[in-house]
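K.L.:
File model.txt follows (compact mmCIF, N, CA and C atoms):
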# COMPACT_ATOMS: atom_id res chain seq x y z
N PRO Q 19 3.02 36.64 -11.19
CA PRO Q 19 3.49 36.74 -9.82
C PRO Q 19 4.95 36.31 -9.71
N TYR Q 20 5.65 36.84 -8.74
CA TYR Q 20 7.03 36.46 -8.50
C TYR Q 20 7.27 36.30 -6.99
N LEU Q 21 8.23 35.45 -6.68
CA LEU Q 21 8.55 35.15 -5.28
C LEU Q 21 9.30 36.31 -4.65
N ILE Q 22 8.88 36.71 -3.47
CA ILE Q 22 9.60 37.72 -2.68
C ILE Q 22 10.47 37.01 -1.66
N GLU Q 23 9.87 36.06 -0.93
CA GLU Q 23 10.58 35.38 0.14
C GLU Q 23 9.90 34.05 0.43
N GLY Q 24 10.71 33.02 0.74
CA GLY Q 24 10.15 31.73 1.09
C GLY Q 24 11.21 30.78 1.62
N GLU Q 25 10.86 30.03 2.64
CA GLU Q 25 11.77 29.04 3.21
C GLU Q 25 11.57 27.72 2.47
N GLU Q 26 12.61 27.22 1.80
CA GLU Q 26 12.50 25.97 1.06
C GLU Q 26 12.46 24.76 1.96
N TYR Q 27 13.09 24.82 3.14
CA TYR Q 27 13.14 23.70 4.07
C TYR Q 27 12.65 24.19 5.43
N VAL Q 28 11.63 23.53 5.96
CA VAL Q 28 11.05 23.90 7.25
C VAL Q 28 11.02 22.67 8.14
N GLU Q 29 11.56 22.80 9.35
CA GLU Q 29 11.52 21.72 10.32
C GLU Q 29 10.78 22.22 11.56
N ILE Q 30 9.71 21.51 11.92
CA ILE Q 30 8.90 21.91 13.07
C ILE Q 30 8.65 20.70 13.96
N GLU Q 31 8.11 20.97 15.13
CA GLU Q 31 7.75 19.93 16.09
C GLU Q 31 6.29 19.55 15.89
N CYS Q 32 5.98 18.31 16.15
CA CYS Q 32 4.61 17.83 16.06
C CYS Q 32 3.69 18.75 16.86
N GLY Q 33 2.56 19.11 16.30
CA GLY Q 33 1.62 20.02 16.96
C GLY Q 33 1.81 21.47 16.56
N GLU Q 34 2.86 21.78 15.80
CA GLU Q 34 3.13 23.14 15.36
C GLU Q 34 2.81 23.34 13.88
N GLU Q 35 1.99 22.47 13.32
CA GLU Q 35 1.70 22.53 11.89
C GLU Q 35 1.09 23.87 11.46
N ASP Q 36 0.40 24.55 12.37
CA ASP Q 36 -0.20 25.84 12.04
C ASP Q 36 0.85 26.95 11.96
N GLN Q 37 2.12 26.63 12.28
CA GLN Q 37 3.19 27.64 12.25
C GLN Q 37 4.09 27.50 11.02
N ILE Q 38 3.69 26.72 10.03
CA ILE Q 38 4.47 26.59 8.81
C ILE Q 38 4.41 27.92 8.06
N PRO Q 39 5.57 28.54 7.82
CA PRO Q 39 5.57 29.86 7.17
C PRO Q 39 5.27 29.76 5.67
N ALA Q 40 4.30 30.52 5.21
CA ALA Q 40 3.96 30.55 3.79
C ALA Q 40 4.91 31.52 3.08
N PRO Q 41 5.24 31.26 1.82
CA PRO Q 41 6.09 32.19 1.08
C PRO Q 41 5.32 33.46 0.73
N SER Q 42 6.07 34.50 0.39
CA SER Q 42 5.48 35.78 -0.02
C SER Q 42 5.69 35.97 -1.51
N PHE Q 43 4.63 36.34 -2.19
CA PHE Q 43 4.68 36.63 -3.62
C PHE Q 43 4.13 38.02 -3.87
N ALA Q 44 4.44 38.54 -5.02
CA ALA Q 44 3.89 39.83 -5.45
C ALA Q 44 3.63 39.75 -6.95
N ASP Q 45 2.91 40.73 -7.46
CA ASP Q 45 2.63 40.80 -8.89
C ASP Q 45 2.64 42.27 -9.29
N VAL Q 46 3.14 42.56 -10.47
CA VAL Q 46 3.25 43.93 -10.94
C VAL Q 46 1.87 44.55 -11.15
N CYS Q 47 0.91 43.78 -11.69
CA CYS Q 47 -0.40 44.33 -12.03
C CYS Q 47 -1.51 44.00 -11.05
N ASP Q 48 -1.29 43.00 -10.19
CA ASP Q 48 -2.33 42.55 -9.26
C ASP Q 48 -1.81 42.72 -7.83
N ASP Q 49 -2.46 43.59 -7.07
CA ASP Q 49 -2.01 43.84 -5.69
C ASP Q 49 -2.30 42.70 -4.74
N ASN Q 50 -3.18 41.77 -5.14
CA ASN Q 50 -3.58 40.71 -4.23
C ASN Q 50 -3.73 39.38 -4.97
N PRO Q 51 -2.60 38.77 -5.45
CA PRO Q 51 -2.73 37.48 -6.12
C PRO Q 51 -3.24 36.42 -5.15
N SER Q 52 -3.99 35.45 -5.67
CA SER Q 52 -4.55 34.41 -4.80
C SER Q 52 -3.50 33.34 -4.51
N LEU Q 53 -3.63 32.70 -3.38
CA LEU Q 53 -2.70 31.66 -2.92
C LEU Q 53 -3.46 30.36 -2.70
N SER Q 54 -2.90 29.27 -3.21
CA SER Q 54 -3.43 27.94 -2.90
C SER Q 54 -2.24 27.03 -2.72
N PHE Q 55 -2.47 25.89 -2.07
CA PHE Q 55 -1.39 24.91 -1.95
C PHE Q 55 -1.96 23.51 -1.88
N ILE Q 56 -1.12 22.54 -2.27
CA ILE Q 56 -1.45 21.13 -2.11
C ILE Q 56 -0.26 20.47 -1.43
N ASP Q 57 -0.54 19.47 -0.60
CA ASP Q 57 0.51 18.73 0.07
C ASP Q 57 0.74 17.41 -0.65
N GLY Q 58 2.01 17.11 -0.89
CA GLY Q 58 2.36 15.85 -1.52
C GLY Q 58 2.25 14.69 -0.55
N GLU Q 59 2.58 13.52 -1.02
CA GLU Q 59 2.49 12.31 -0.21
C GLU Q 59 3.44 12.38 0.97
N GLU Q 60 2.95 11.99 2.12
CA GLU Q 60 3.75 12.02 3.35
C GLU Q 60 4.64 10.79 3.44
N THR Q 61 5.88 11.03 3.86
CA THR Q 61 6.84 9.96 4.08
C THR Q 61 7.12 9.89 5.58
N VAL Q 62 7.15 8.68 6.13
CA VAL Q 62 7.43 8.50 7.56
C VAL Q 62 8.72 7.70 7.70
N GLU Q 63 9.66 8.26 8.45
CA GLU Q 63 10.92 7.58 8.75
C GLU Q 63 11.15 7.69 10.26
N GLY Q 64 10.91 6.62 10.98
CA GLY Q 64 11.04 6.66 12.44
C GLY Q 64 10.04 7.65 13.02
N CYS Q 65 10.55 8.64 13.74
CA CYS Q 65 9.69 9.65 14.37
C CYS Q 65 9.60 10.93 13.54
N LEU Q 66 10.02 10.88 12.29
CA LEU Q 66 9.94 12.04 11.41
C LEU Q 66 8.93 11.80 10.30
N ARG Q 67 8.08 12.79 10.08
CA ARG Q 67 7.18 12.79 8.92
C ARG Q 67 7.63 13.92 8.01
N SER Q 68 7.56 13.71 6.71
CA SER Q 68 7.93 14.79 5.81
C SER Q 68 7.06 14.75 4.56
N PHE Q 69 6.93 15.92 3.94
CA PHE Q 69 6.16 16.04 2.70
C PHE Q 69 6.55 17.35 2.02
N ASP Q 70 6.24 17.44 0.74
CA ASP Q 70 6.43 18.68 0.00
C ASP Q 70 5.10 19.40 -0.11
N ARG Q 71 5.13 20.70 0.13
CA ARG Q 71 3.95 21.54 -0.04
C ARG Q 71 4.19 22.41 -1.26
N ILE Q 72 3.29 22.35 -2.22
CA ILE Q 72 3.43 23.12 -3.45
C ILE Q 72 2.44 24.29 -3.40
N TYR Q 73 2.99 25.50 -3.32
CA TYR Q 73 2.18 26.72 -3.30
C TYR Q 73 2.02 27.21 -4.74
N THR Q 74 0.83 27.67 -5.07
CA THR Q 74 0.59 28.29 -6.37
C THR Q 74 -0.04 29.66 -6.14
N PHE Q 75 0.58 30.67 -6.72
CA PHE Q 75 0.05 32.03 -6.66
C PHE Q 75 -0.48 32.36 -8.06
N THR Q 76 -1.68 32.93 -8.10
CA THR Q 76 -2.33 33.23 -9.38
C THR Q 76 -2.80 34.67 -9.37
N ASP Q 77 -2.48 35.40 -10.46
CA ASP Q 77 -2.94 36.78 -10.55
C ASP Q 77 -4.29 36.84 -11.28
N ASP Q 78 -4.82 38.05 -11.41
CA ASP Q 78 -6.14 38.25 -12.03
C ASP Q 78 -6.21 37.77 -13.47
N CYS Q 79 -5.07 37.72 -14.16
CA CYS Q 79 -5.03 37.30 -15.57
C CYS Q 79 -4.78 35.81 -15.74
N GLY Q 80 -4.68 35.07 -14.63
CA GLY Q 80 -4.46 33.63 -14.70
C GLY Q 80 -3.00 33.22 -14.76
N ASN Q 81 -2.08 34.18 -14.68
CA ASN Q 81 -0.65 33.85 -14.64
C ASN Q 81 -0.33 33.24 -13.28
N THR Q 82 0.55 32.24 -13.28
CA THR Q 82 0.85 31.55 -12.02
C THR Q 82 2.35 31.49 -11.76
N ALA Q 83 2.69 31.33 -10.50
CA ALA Q 83 4.05 31.05 -10.06
C ALA Q 83 3.94 30.01 -8.96
N GLU Q 84 4.89 29.09 -8.92
CA GLU Q 84 4.86 28.03 -7.91
C GLU Q 84 6.11 28.08 -7.04
N PHE Q 85 5.96 27.56 -5.84
CA PHE Q 85 7.06 27.45 -4.90
C PHE Q 85 6.89 26.14 -4.15
N VAL Q 86 7.96 25.35 -4.06
CA VAL Q 86 7.90 24.06 -3.36
C VAL Q 86 8.66 24.18 -2.05
N GLN Q 87 8.00 23.75 -0.98
CA GLN Q 87 8.57 23.80 0.37
C GLN Q 87 8.61 22.38 0.93
N HIS Q 88 9.78 21.96 1.39
CA HIS Q 88 9.92 20.63 2.01
C HIS Q 88 9.73 20.80 3.51
N ILE Q 89 8.78 20.07 4.08
CA ILE Q 89 8.41 20.22 5.49
C ILE Q 89 8.70 18.91 6.22
N VAL Q 90 9.42 19.03 7.35
CA VAL Q 90 9.74 17.89 8.19
C VAL Q 90 9.11 18.14 9.56
N ILE Q 91 8.37 17.15 10.05
CA ILE Q 91 7.71 17.27 11.35
C ILE Q 91 8.30 16.20 12.25
N GLY Q 92 8.92 16.66 13.35
CA GLY Q 92 9.54 15.74 14.29
C GLY Q 92 8.72 15.58 15.56
N ASP Q 93 9.09 14.59 16.36
CA ASP Q 93 8.42 14.35 17.64
C ASP Q 93 9.49 14.08 18.69
N GLU Q 94 9.90 15.15 19.38
CA GLU Q 94 10.90 15.02 20.43
C GLU Q 94 10.33 15.29 21.81
N GLN Q 95 9.00 15.40 21.90
CA GLN Q 95 8.34 15.66 23.17
C GLN Q 95 7.96 14.35 23.85
N ALA Q 96 8.28 14.24 25.12
CA ALA Q 96 7.90 13.05 25.89
C ALA Q 96 6.39 13.06 26.11
N PRO Q 97 5.79 11.87 26.22
CA PRO Q 97 4.35 11.81 26.52
C PRO Q 97 4.05 12.39 27.90
N VAL Q 98 2.86 12.88 28.06
CA VAL Q 98 2.41 13.44 29.34
C VAL Q 98 1.27 12.59 29.86
N ILE Q 99 1.37 12.22 31.12
CA ILE Q 99 0.31 11.44 31.76
C ILE Q 99 -0.53 12.40 32.60
N ASN Q 100 -1.81 12.45 32.34
CA ASN Q 100 -2.72 13.33 33.07
C ASN Q 100 -3.57 12.52 34.03
N GLY Q 101 -4.01 13.17 35.11
CA GLY Q 101 -4.94 12.56 36.04
C GLY Q 101 -4.28 11.64 37.06
N VAL Q 102 -2.96 11.68 37.19
CA VAL Q 102 -2.25 10.83 38.14
C VAL Q 102 -1.34 11.72 38.97
N GLU Q 103 -1.25 11.41 40.26
CA GLU Q 103 -0.35 12.20 41.11
C GLU Q 103 1.07 12.08 40.60
N GLU Q 104 1.84 13.15 40.81
CA GLU Q 104 3.18 13.23 40.24
C GLU Q 104 4.17 12.23 40.83
N ASN Q 105 4.19 12.09 42.15
CA ASN Q 105 5.17 11.22 42.79
C ASN Q 105 4.50 10.04 43.48
N ILE Q 106 4.28 8.99 42.75
CA ILE Q 106 3.68 7.77 43.30
C ILE Q 106 4.79 6.75 43.46
N TYR Q 107 4.92 6.20 44.69
CA TYR Q 107 5.98 5.22 44.95
C TYR Q 107 5.38 3.87 45.25
Please render this file's structure as structure tokens.

P.N.:
Amino acid sequence: PYLIEGEEYVEIECGEEDQIPAPSFADVCDDNPSLSFIDGEETVEGCLRSFDRIYTFTDDCGNTAEFVQHIVIGDEQAPVINGVEENIY
């Protein structure tokens, strides 16, 4: 397998973890190589969390290619208070 496209550095907002873009791979002999990934140890610095995600693509013959993506998750959203009137004086 070989890499077609992939973002090496991804920065997202907390709660958007399902929007992390996966890289694209292809293989000359296998039209549908399998994809797996593992996440490295998370580092926390203030309001930022970060980790490396290691993708592995494997073709039918067991050949593999890897891609490492550094992911940073920030928190710039203010808390929301529910169940209380908006303007209480």

K.L.:
Tell me, in Å to one decimal, how far atom CA of Q:Tyr73 is from atom N of Q:Ile30.

P.N.:
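Rounded to one decimal, the two atoms are 17.8 Å apart.
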
K.L.:
So, with all atoms listed in the file as the atoms that count, which of Q:Cys65, Q:Cys47, Q:Ala83, Q:Ile89 lies closest to Q:Leu21?

P.N.:
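Under the stated criterion, the closest residue is Q:Ala83.
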
K.L.:
Considering only C-alpha atoms, state which residue in the set Q:Phe43, Q:Tyr20, Q:Phe85, Q:Tyr27 is at the smallest distance from Q:Ile56.

P.N.:
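Closest candidate: Q:Phe85.
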
K.L.:
With all atoms listed in the file as the atoms that count, which of Q:Thr82, Q:Ser54, Q:Ser42, Q:Gln37 lies nearest to Q:Glu23?

P.N.:
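Closest candidate: Q:Ser42.
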
K.L.:
Using only N, CA and C atoms and a cutoff of 6.5 Å, can you tell me which residues are near (4.8, 22.2, 1.4) in the file's coordinates, and write them out as a ChimeraX atom specification?

P.N.:
/Q:56-58,69-73,86-89

K.L.:
With all atoms listed in the file counted and 6.5 Å as the cut-off, give the residues of stretch 25-87 of chain Q in contact with stretch 91-99 of chain Q, each with its shortest interatomic distance in Å and the pair that gives it, as JSON lines.

P.N.:
{"residue": "Q:Val28", "atom": "C", "partner": "Q:Ile91", "partner_atom": "N", "distance": 6.4}
{"residue": "Q:Glu29", "atom": "CA", "partner": "Q:Ile91", "partner_atom": "N", "distance": 5.6}
{"residue": "Q:Ile30", "atom": "C", "partner": "Q:Gly92", "partner_atom": "N", "distance": 4.1}
{"residue": "Q:Glu31", "atom": "CA", "partner": "Q:Gly92", "partner_atom": "N", "distance": 4.4}
{"residue": "Q:Cys32", "atom": "N", "partner": "Q:Gly92", "partner_atom": "C", "distance": 3.9}
{"residue": "Q:Cys65", "atom": "C", "partner": "Q:Asp93", "partner_atom": "N", "distance": 4.6}
{"residue": "Q:Leu66", "atom": "CA", "partner": "Q:Ile91", "partner_atom": "C", "distance": 4.5}
{"residue": "Q:Arg67", "atom": "C", "partner": "Q:Ile91", "partner_atom": "N", "distance": 3.9}
{"residue": "Q:Ser68", "atom": "N", "partner": "Q:Ile91", "partner_atom": "N", "distance": 4.9}
{"residue": "Q:Phe69", "atom": "N", "partner": "Q:Ile91", "partner_atom": "N", "distance": 6.4}

K.L.:
Got a sec: who's within 6 Å of Q:Asp77, counting all atoms listed in the file, leaving out chain neighbours fewer than 4 positions off, as JSON, numbers by chain?

P.N.:
{"Q": [19, 48, 51, 52, 81, 82]}
